[in-house]
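Student: Here's a structure for you.
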Amino acid sequence: MTAYNRRRFLDALGTFSATALLSSFSRPAWSRNLDKALHHAEARLPGELAGDEDFWYYVQQSFTTSPELINLNNGGVSPSPKIVQDAMKRYHDLCNEAPSYYMWRILDQGREPLRKDLARISGVSPEEIAIHRNASEALETVIFGLELKAGDEVVLSKQDYPNMINAWKQRERREGIKLVWVNLDLPSEDNDYLAGQYIKAFTPKTKVVHVTHVINWNGQILPVRQIADAAHKQGIEVLVDGAHSFAHFEFTIPSLGCDYFGTSLHKWLAACIGSGMLFVKKEKIPAIYPLFAAGDPKSDNIRKFESQGTRPFFIEQAIGKAIGFYDMIGPARKEQRLLYLKNYWMNAVKDIPKVKLHTSLRPGFGCAIGMVSVEGKKAAELENYLFNEYKVHTVGIEWENLRGVRVTPNVYTTTRDLDVLIKGIREFVKGGKG
Ligand SMILES: Cc1ncc(COP(=O)(O)O)c(C=O)c1O
């Protein structure tokens, strides 16, 4: 966008109340401009706003991303907006003035309001939310906390995340539970096929089904509700790995019909690196042993899952600012923009000979994450080309039956960034700049 267009966009936004204007003098320009852009956006539908580069330009200004590269690996971890980084640094400095006082007596008072806020955006009760440091910690709390005996079966897929697979394998090795593997043929736009793969693996011995809401390798969204409903009919508990779904697109945890849900908050919520969350359905809490022992491991208090010892409270408390930022953009606008960005680059490359897409373009089957490969080439070759020639940072994937480069934009990604990616893919197919 040219400077002229940007100015014209701001001019079109109208005037503000005197209070808003006065308070704006103490705030940085990016924040004042974003305020105006959001004000303007109120009258527009999320789908309409998804392709409005002017609006998203102001969102981009809230981040401090490197101008030296184009980061299209937001699937790994997301940067935090500046307000989140600043809060974390302030809390950190405060902790170092008198750690035991500021950490345990002051900052810790923020934990219950934070629990409420996390519960609000998840659509559940605060009494069902535990604050953790990442998705692995949240999910392993359930994986290791469930009472299972030798011979009990757990259904999971080969396309699940390695940490989770390893946790289940450890239980198999030590306790003799049986892992029953589903091998998904992806991408798919057939929910009956996807759910059916899990359902046909259920037996009278199945106790748990582990479902990854969004497959991290290629961004496939799985029909969790369909799987959960079938599982519950057979008395099977449902654990959802929501590392990649939470705050990525709109849903509430109850809409999934699961018993347990673990997620990172440093991915799509854009909270500080090292934050996560666990949901356990109220009536299921007593039966789950905490990963870090608590006074009463059979208590029905969700806080028994938070005995992790001394930890970075400043990171935890900054989660609240990330929720504020998420609320400000709005879940529907965010989802529509992410889908728009993925489909923007995928549509541009899909007809290039030898290019193969491994993610659906249809809403409901994928959102921000997309995977692409080039016939006859290894994923690492394309990844390296994009980085070496254009400083476009992506990730090459070779996992089970999935091979390709994963591309993950974020709310701060512009279509101009994606045009560089598209150019790079085109050139790579032709054999380089030559
Ligand atoms: C599907 C999935 N589950 C779990 C995790 C683990 O997340 P964390 O690194 O926050 O523990 C990831 C991380 O990429 C993931 O993609």
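Ordering of the structure tokens sets the chain letters (A, B, ...), residue numbers begin anew at 1 in every chain, and ligands are numbered from 1 in the order given.
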Counting only C-alpha atoms and all ligand atoms, which protein, DNA or RNA residues come within 10 Å of ligand 1, given as JSON, numbers by chain?
Tutor: {"A": [74, 75, 76, 77, 132, 133, 134, 135, 136, 137, 138, 139, 140, 159, 160, 161, 162, 163, 164, 165, 211, 212, 213, 214, 215, 216, 217, 219, 240, 241, 242, 243, 244, 245, 262, 263, 264, 265, 266, 267, 273, 274, 275, 276, 277]}
Student: Kindly give the distance, in Å, that separates atom CA of Lys158 of chain A and atom CA of Glu400 of chain A, rounded to a single decimal.
Tutor: 7.0 Å
Student: Any idea what's packed within 8 Å of segment 232-238 of chain A, counting only C-alpha atoms, ignoring anything in its chain fewer than 2 positions away? Could you give it as a VMD selection string?
Tutor: chain A and resid 204 206 to 211 228 to 230 240 258 to 260
Student: Leaving out Asn96 of chain A and any residue of its chain fewer than 5 positions from it, which residues lie within 12 Å of it when counting only C-alpha atoms, given as a list in words?
Tutor: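 Close residues of Asn96 of chain A: Lys89, Arg90, Tyr91, Tyr101, Tyr102, Met103, Pro312, Phe313 and Phe314 of chain A.
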Student: By how many Å are atom CA of Ser66 of chain A and atom CA of Ala380 of chain A apart?
Tutor: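 Going from atom CA of Ser66 of chain A over to atom CA of Ala380 of chain A, I get 22.8 Å.
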Student: Which distance in Å separates atom CA of Thr408 of chain A and atom CA of Leu72 of chain A, to one decimal?
Tutor: 4.8 Å
Student: List as a PyMOL selection string the protein and nucleic acid residues near Glu306 of chain A, meaning an atom at most 9 Å away when only C-alpha atoms are counted, but skip any in the same chain fewer than 6 places from it.
Tutor: chain A and resi 130-132+290+292+294
Student: For the selection you just gave me, I'd like the residues written to a file as a compact mmCIF listing (two decimals), in the first residue's frame, keeping all heavy atoms.
Tutor:
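Now in out_27.txt:
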```
# COMPACT_ATOMS: atom_id res chain seq x y z
N ALA A 130 -6.81 -25.12 33.66
CA ALA A 130 -5.52 -25.03 34.35
C ALA A 130 -4.53 -24.34 33.43
O ALA A 130 -4.55 -24.55 32.21
CB ALA A 130 -5.01 -26.43 34.71
N ILE A 131 -3.66 -23.50 34.03
CA ILE A 131 -2.71 -22.75 33.22
C ILE A 131 -1.39 -23.52 33.20
O ILE A 131 -0.84 -23.87 34.26
CB ILE A 131 -2.53 -21.33 33.77
CG1 ILE A 131 -3.89 -20.61 33.78
CG2 ILE A 131 -1.50 -20.54 32.95
CD1 ILE A 131 -3.99 -19.43 34.70
N HIS A 132 -0.90 -23.81 32.01
CA HIS A 132 0.32 -24.59 31.85
C HIS A 132 1.34 -23.83 31.01
O HIS A 132 1.11 -22.68 30.63
CB HIS A 132 -0.02 -25.94 31.25
CG HIS A 132 -0.57 -26.90 32.27
ND1 HIS A 132 -1.02 -28.15 31.95
CD2 HIS A 132 -0.76 -26.78 33.60
CE1 HIS A 132 -1.45 -28.77 33.04
NE2 HIS A 132 -1.30 -27.95 34.06
N PRO A 290 -2.48 -35.60 38.81
CA PRO A 290 -1.67 -34.51 38.23
C PRO A 290 -0.27 -35.00 37.84
O PRO A 290 0.23 -35.95 38.45
CB PRO A 290 -1.61 -33.47 39.35
CG PRO A 290 -2.02 -34.16 40.59
CD PRO A 290 -2.78 -35.40 40.23
N PHE A 292 2.48 -33.21 38.07
CA PHE A 292 3.34 -32.76 39.17
C PHE A 292 2.50 -32.95 40.43
O PHE A 292 1.44 -32.32 40.57
CB PHE A 292 3.71 -31.28 39.02
CG PHE A 292 4.63 -31.03 37.86
CD1 PHE A 292 4.14 -30.95 36.56
CD2 PHE A 292 6.00 -30.86 38.06
CE1 PHE A 292 4.98 -30.73 35.50
CE2 PHE A 292 6.85 -30.63 36.99
CZ PHE A 292 6.34 -30.57 35.71
N ALA A 294 0.31 -33.27 43.67
CA ALA A 294 -0.36 -32.25 44.48
C ALA A 294 -0.75 -32.90 45.81
O ALA A 294 -0.78 -34.13 45.93
CB ALA A 294 -1.60 -31.76 43.75
```
Student: Could you give me, as JSON lines, a per-residue list for segment 26-110 of chain A showing, wherever an atom lies at most 8 Å from an atom of segment 317-327 of chain A, the closest pair of atoms and their distance in Å to one decimal, using only C-alpha atoms and sorting by chain then residue number from low to high?
Tutor:
```
{"residue": "A:Ser80", "atom": "CA", "partner": "A:Ala322", "partner_atom": "CA", "distance": 7.5}
{"residue": "A:Pro81", "atom": "CA", "partner": "A:Ala322", "partner_atom": "CA", "distance": 7.6}
{"residue": "A:Ile83", "atom": "CA", "partner": "A:Lys321", "partner_atom": "CA", "distance": 6.8}
{"residue": "A:Val84", "atom": "CA", "partner": "A:Lys321", "partner_atom": "CA", "distance": 5.4}
{"residue": "A:Gln85", "atom": "CA", "partner": "A:Ala318", "partner_atom": "CA", "distance": 7.7}
{"residue": "A:Ala87", "atom": "CA", "partner": "A:Ala318", "partner_atom": "CA", "distance": 5.7}
{"residue": "A:Met88", "atom": "CA", "partner": "A:Ala318", "partner_atom": "CA", "distance": 5.2}
{"residue": "A:Tyr91", "atom": "CA", "partner": "A:Gln317", "partner_atom": "CA", "distance": 7.7}
{"residue": "A:Leu107", "atom": "CA", "partner": "A:Gln317", "partner_atom": "CA", "distance": 7.1}
{"residue": "A:Gly110", "atom": "CA", "partner": "A:Gln317", "partner_atom": "CA", "distance": 6.6}
```
Student: Taking only C-alpha atoms into account, which of A:Lys82, A:Arg225, A:Lys116, A:His248 comes nearest Trp30 of chain A?
Tutor: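 For Trp30 of chain A, the nearest of the given residues is A:Lys82.
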Student: Among the residues of segment 69-137 of chain A, find those DSSP assigns to alpha helix (DSSP H) from the backbone and print them as a VMD selection string.
Tutor: chain A and resid 82 to 97 99 to 101 111 to 122 135 to 137
Student: Store the residues of this selection in a file with C-alpha atoms, as a PDB file, in the first residue's frame.
Tutor:
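Saved to again03.pdb:
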```pdb
ATOM      1  CA  LYS A  82       4.402  -5.590  21.273  1.00  0.00           C
ATOM      2  CA  ILE A  83       1.919  -4.950  24.105  1.00  0.00           C
ATOM      3  CA  VAL A  84       2.336  -8.581  25.210  1.00  0.00           C
ATOM      4  CA  GLN A  85       6.129  -8.416  25.055  1.00  0.00           C
ATOM      5  CA  ASP A  86       6.142  -5.153  26.995  1.00  0.00           C
ATOM      6  CA  ALA A  87       3.869  -6.509  29.733  1.00  0.00           C
ATOM      7  CA  MET A  88       6.056  -9.586  30.093  1.00  0.00           C
ATOM      8  CA  LYS A  89       9.188  -7.425  30.437  1.00  0.00           C
ATOM      9  CA  ARG A  90       7.511  -5.149  33.007  1.00  0.00           C
ATOM     10  CA  TYR A  91       6.383  -8.129  35.084  1.00  0.00           C
ATOM     11  CA  HIS A  92       9.838  -9.654  34.810  1.00  0.00           C
ATOM     12  CA  ASP A  93      11.512  -6.489  36.050  1.00  0.00           C
ATOM     13  CA  LEU A  94       9.040  -6.264  38.902  1.00  0.00           C
ATOM     14  CA  CYS A  95       9.739  -9.878  39.912  1.00  0.00           C
ATOM     15  CA  ASN A  96      13.429  -9.080  40.157  1.00  0.00           C
ATOM     16  CA  GLU A  97      12.848  -6.220  42.576  1.00  0.00           C
ATOM     17  CA  PRO A  99      10.914 -12.070  43.656  1.00  0.00           C
ATOM     18  CA  SER A 100       9.084 -13.824  46.459  1.00  0.00           C
ATOM     19  CA  TYR A 101       7.005 -10.744  47.218  1.00  0.00           C
ATOM     20  CA  ARG A 111      -4.028 -16.011  38.122  1.00  0.00           C
ATOM     21  CA  GLU A 112      -7.744 -16.255  38.923  1.00  0.00           C
ATOM     22  CA  PRO A 113      -8.774 -13.342  36.676  1.00  0.00           C
ATOM     23  CA  LEU A 114      -6.628 -14.915  33.941  1.00  0.00           C
ATOM     24  CA  ARG A 115      -8.314 -18.295  34.446  1.00  0.00           C
ATOM     25  CA  LYS A 116     -11.679 -16.558  34.021  1.00  0.00           C
ATOM     26  CA  ASP A 117     -10.561 -14.866  30.835  1.00  0.00           C
ATOM     27  CA  LEU A 118      -9.224 -18.112  29.350  1.00  0.00           C
ATOM     28  CA  ALA A 119     -12.478 -19.828  30.300  1.00  0.00           C
ATOM     29  CA  ARG A 120     -14.472 -17.046  28.654  1.00  0.00           C
ATOM     30  CA  ILE A 121     -12.756 -17.374  25.286  1.00  0.00           C
ATOM     31  CA  SER A 122     -13.008 -21.190  25.543  1.00  0.00           C
ATOM     32  CA  ALA A 135       0.592 -27.979  24.996  1.00  0.00           C
ATOM     33  CA  SER A 136       2.952 -30.855  25.778  1.00  0.00           C
ATOM     34  CA  GLU A 137       2.609 -30.224  29.521  1.00  0.00           C
TER      35      GLU A 137
END
```
Student: Quick one: residues within 8 Å of segment 189-203 of chain A, only C-alpha atoms counted, chain neighbours fewer than 2 positions away excluded, as a PDB file with N, CA, C and O atoms, in the first residue's frame?
Tutor:
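The resulting file, part_16.pdb, is shown below:
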```
ATOM      1  N   VAL A 155      -6.772 -45.269  20.999  1.00  0.00           N
ATOM      2  CA  VAL A 155      -6.736 -45.035  19.551  1.00  0.00           C
ATOM      3  C   VAL A 155      -6.124 -43.659  19.302  1.00  0.00           C
ATOM      4  O   VAL A 155      -6.527 -42.666  19.917  1.00  0.00           O
ATOM      5  N   LEU A 156      -5.128 -43.624  18.428  1.00  0.00           N
ATOM      6  CA  LEU A 156      -4.457 -42.359  18.060  1.00  0.00           C
ATOM      7  C   LEU A 156      -3.993 -42.460  16.617  1.00  0.00           C
ATOM      8  O   LEU A 156      -4.136 -43.535  16.014  1.00  0.00           O
ATOM      9  N   VAL A 180      -3.547 -48.362  19.336  1.00  0.00           N
ATOM     10  CA  VAL A 180      -4.176 -48.770  18.070  1.00  0.00           C
ATOM     11  C   VAL A 180      -4.074 -47.572  17.122  1.00  0.00           C
ATOM     12  O   VAL A 180      -4.623 -46.495  17.398  1.00  0.00           O
ATOM     13  N   TRP A 181      -3.337 -47.787  16.032  1.00  0.00           N
ATOM     14  CA  TRP A 181      -2.986 -46.657  15.152  1.00  0.00           C
ATOM     15  C   TRP A 181      -3.931 -46.473  13.987  1.00  0.00           C
ATOM     16  O   TRP A 181      -4.248 -47.417  13.280  1.00  0.00           O
ATOM     17  N   VAL A 182      -4.290 -45.211  13.773  1.00  0.00           N
ATOM     18  CA  VAL A 182      -5.054 -44.821  12.593  1.00  0.00           C
ATOM     19  C   VAL A 182      -4.036 -44.165  11.661  1.00  0.00           C
ATOM     20  O   VAL A 182      -3.164 -43.429  12.124  1.00  0.00           O
ATOM     21  N   ASN A 183      -4.134 -44.442  10.347  1.00  0.00           N
ATOM     22  CA  ASN A 183      -3.219 -43.803   9.399  1.00  0.00           C
ATOM     23  C   ASN A 183      -4.051 -43.011   8.405  1.00  0.00           C
ATOM     24  O   ASN A 183      -4.715 -43.594   7.544  1.00  0.00           O
ATOM     25  N   LEU A 184      -4.054 -41.696   8.545  1.00  0.00           N
ATOM     26  CA  LEU A 184      -4.947 -40.864   7.739  1.00  0.00           C
ATOM     27  C   LEU A 184      -4.351 -40.551   6.370  1.00  0.00           C
ATOM     28  O   LEU A 184      -3.157 -40.254   6.249  1.00  0.00           O
ATOM     29  N   PRO A 187      -4.588 -34.641   2.156  1.00  0.00           N
ATOM     30  CA  PRO A 187      -5.717 -33.950   2.762  1.00  0.00           C
ATOM     31  C   PRO A 187      -7.029 -34.648   2.423  1.00  0.00           C
ATOM     32  O   PRO A 187      -7.087 -35.449   1.477  1.00  0.00           O
ATOM     33  N   LYS A 205     -12.387 -52.846  24.132  1.00  0.00           N
ATOM     34  CA  LYS A 205     -11.280 -52.547  25.059  1.00  0.00           C
ATOM     35  C   LYS A 205     -10.805 -51.097  24.964  1.00  0.00           C
ATOM     36  O   LYS A 205      -9.923 -50.668  25.721  1.00  0.00           O
ATOM     37  N   THR A 206     -11.338 -50.339  24.011  1.00  0.00           N
ATOM     38  CA  THR A 206     -10.879 -48.946  23.840  1.00  0.00           C
ATOM     39  C   THR A 206     -11.345 -48.104  25.022  1.00  0.00           C
ATOM     40  O   THR A 206     -12.526 -48.087  25.361  1.00  0.00           O
ATOM     41  N   VAL A 209      -9.664 -42.084  23.088  1.00  0.00           N
ATOM     42  CA  VAL A 209      -9.269 -41.726  21.724  1.00  0.00           C
ATOM     43  C   VAL A 209      -8.565 -40.374  21.802  1.00  0.00           C
ATOM     44  O   VAL A 209      -9.036 -39.455  22.472  1.00  0.00           O
ATOM     45  N   LEU A 222      -9.731 -31.854  11.733  1.00  0.00           N
ATOM     46  CA  LEU A 222     -10.443 -33.130  11.881  1.00  0.00           C
ATOM     47  C   LEU A 222     -11.833 -32.909  12.498  1.00  0.00           C
ATOM     48  O   LEU A 222     -12.021 -31.993  13.309  1.00  0.00           O
ATOM     49  N   PRO A 223     -12.790 -33.773  12.133  1.00  0.00           N
ATOM     50  CA  PRO A 223     -14.159 -33.635  12.665  1.00  0.00           C
ATOM     51  C   PRO A 223     -14.243 -34.190  14.088  1.00  0.00           C
ATOM     52  O   PRO A 223     -14.760 -35.285  14.331  1.00  0.00           O
ATOM     53  N   VAL A 224     -13.743 -33.411  15.016  1.00  0.00           N
ATOM     54  CA  VAL A 224     -13.623 -33.881  16.404  1.00  0.00           C
ATOM     55  C   VAL A 224     -14.986 -34.270  16.971  1.00  0.00           C
ATOM     56  O   VAL A 224     -15.131 -35.305  17.626  1.00  0.00           O
ATOM     57  N   GLN A 226     -17.713 -35.351  15.606  1.00  0.00           N
ATOM     58  CA  GLN A 226     -18.211 -36.628  15.073  1.00  0.00           C
ATOM     59  C   GLN A 226     -17.518 -37.804  15.754  1.00  0.00           C
ATOM     60  O   GLN A 226     -18.155 -38.786  16.121  1.00  0.00           O
ATOM     61  N   ILE A 227     -16.223 -37.670  15.934  1.00  0.00           N
ATOM     62  CA  ILE A 227     -15.436 -38.744  16.572  1.00  0.00           C
ATOM     63  C   ILE A 227     -15.837 -38.847  18.046  1.00  0.00           C
ATOM     64  O   ILE A 227     -16.051 -39.944  18.576  1.00  0.00           O
ATOM     65  N   ALA A 230     -19.291 -40.486  18.663  1.00  0.00           N
ATOM     66  CA  ALA A 230     -19.236 -41.946  18.470  1.00  0.00           C
ATOM     67  C   ALA A 230     -18.489 -42.599  19.633  1.00  0.00           C
ATOM     68  O   ALA A 230     -18.883 -43.660  20.124  1.00  0.00           O
ATOM     69  N   ALA A 231     -17.424 -41.941  20.091  1.00  0.00           N
ATOM     70  CA  ALA A 231     -16.618 -42.503  21.187  1.00  0.00           C
ATOM     71  C   ALA A 231     -17.461 -42.587  22.459  1.00  0.00           C
ATOM     72  O   ALA A 231     -17.488 -43.627  23.140  1.00  0.00           O
ATOM     73  N   SER A 360      -6.578 -28.663   2.083  1.00  0.00           N
ATOM     74  CA  SER A 360      -7.824 -28.256   1.431  1.00  0.00           C
ATOM     75  C   SER A 360      -7.959 -26.734   1.417  1.00  0.00           C
ATOM     76  O   SER A 360      -7.526 -26.061   2.355  1.00  0.00           O
ATOM     77  N   ARG A 362     -10.983 -25.521   1.236  1.00  0.00           N
ATOM     78  CA  ARG A 362     -12.357 -25.303   1.731  1.00  0.00           C
ATOM     79  C   ARG A 362     -12.392 -24.976   3.214  1.00  0.00           C
ATOM     80  O   ARG A 362     -11.744 -25.648   4.027  1.00  0.00           O
ATOM     81  N   PHE A 365     -12.015 -27.412   6.578  1.00  0.00           N
ATOM     82  CA  PHE A 365     -11.032 -28.492   6.424  1.00  0.00           C
ATOM     83  C   PHE A 365      -9.602 -27.988   6.575  1.00  0.00           C
ATOM     84  O   PHE A 365      -8.652 -28.762   6.625  1.00  0.00           O
TER      85      PHE A 365
END
```
Student: Could you pull the residues within 9 Å of Trp56 of chain A, counting only C-alpha atoms, minus those fewer than 4 positions along the same chain, as JSON, numbers by chain?
Tutor: {"A": [37, 49, 50, 51, 52, 60, 61, 337, 411, 412, 413, 414]}
Student: As a list in words, which residues of segment 191-263 of chain A does DSSP assign to strand (DSSP E or B)?
Tutor: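 Restricting segment 191-263 of chain A to strand (DSSP E or B) produces Thr206, Lys207, Val208, Val209, His210, Val211, Thr212, Val214, Ile221, Glu237, Val238, Leu239, Val240, Asp241, Tyr260, Phe261, Gly262 and Thr263 of chain A.
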Student: Out of A:Asn218, A:Pro331, A:Phe261, A:Gly309, which residue has the shortest atom-to-atom distance to Gly366 of chain A when counting only C-alpha atoms?
Tutor: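 Closest residue, counting only C-alpha atoms: A:Asn218.
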Student: When you count only C-alpha atoms, which of these residues is closest to Phe63 of chain A: A:Leu339, A:Trp345, A:Ser31, A:Asp419?
Tutor: A:Ser31
Student: Given the choices A:Thr394, A:Ser188, A:Ser255, A:Gln109, which gets closest to Leu69 of chain A if the distance is worked out from only C-alpha atoms?
Tutor: A:Thr394
Student: Here is a test: counting only C-alpha atoms, which residue of A:Pro126, A:Gly396, A:Gly145, A:Gly424 is nearest to Leu239 of chain A?
Tutor: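 Of the candidates, the smallest distance to Leu239 of chain A is held by A:Gly145.
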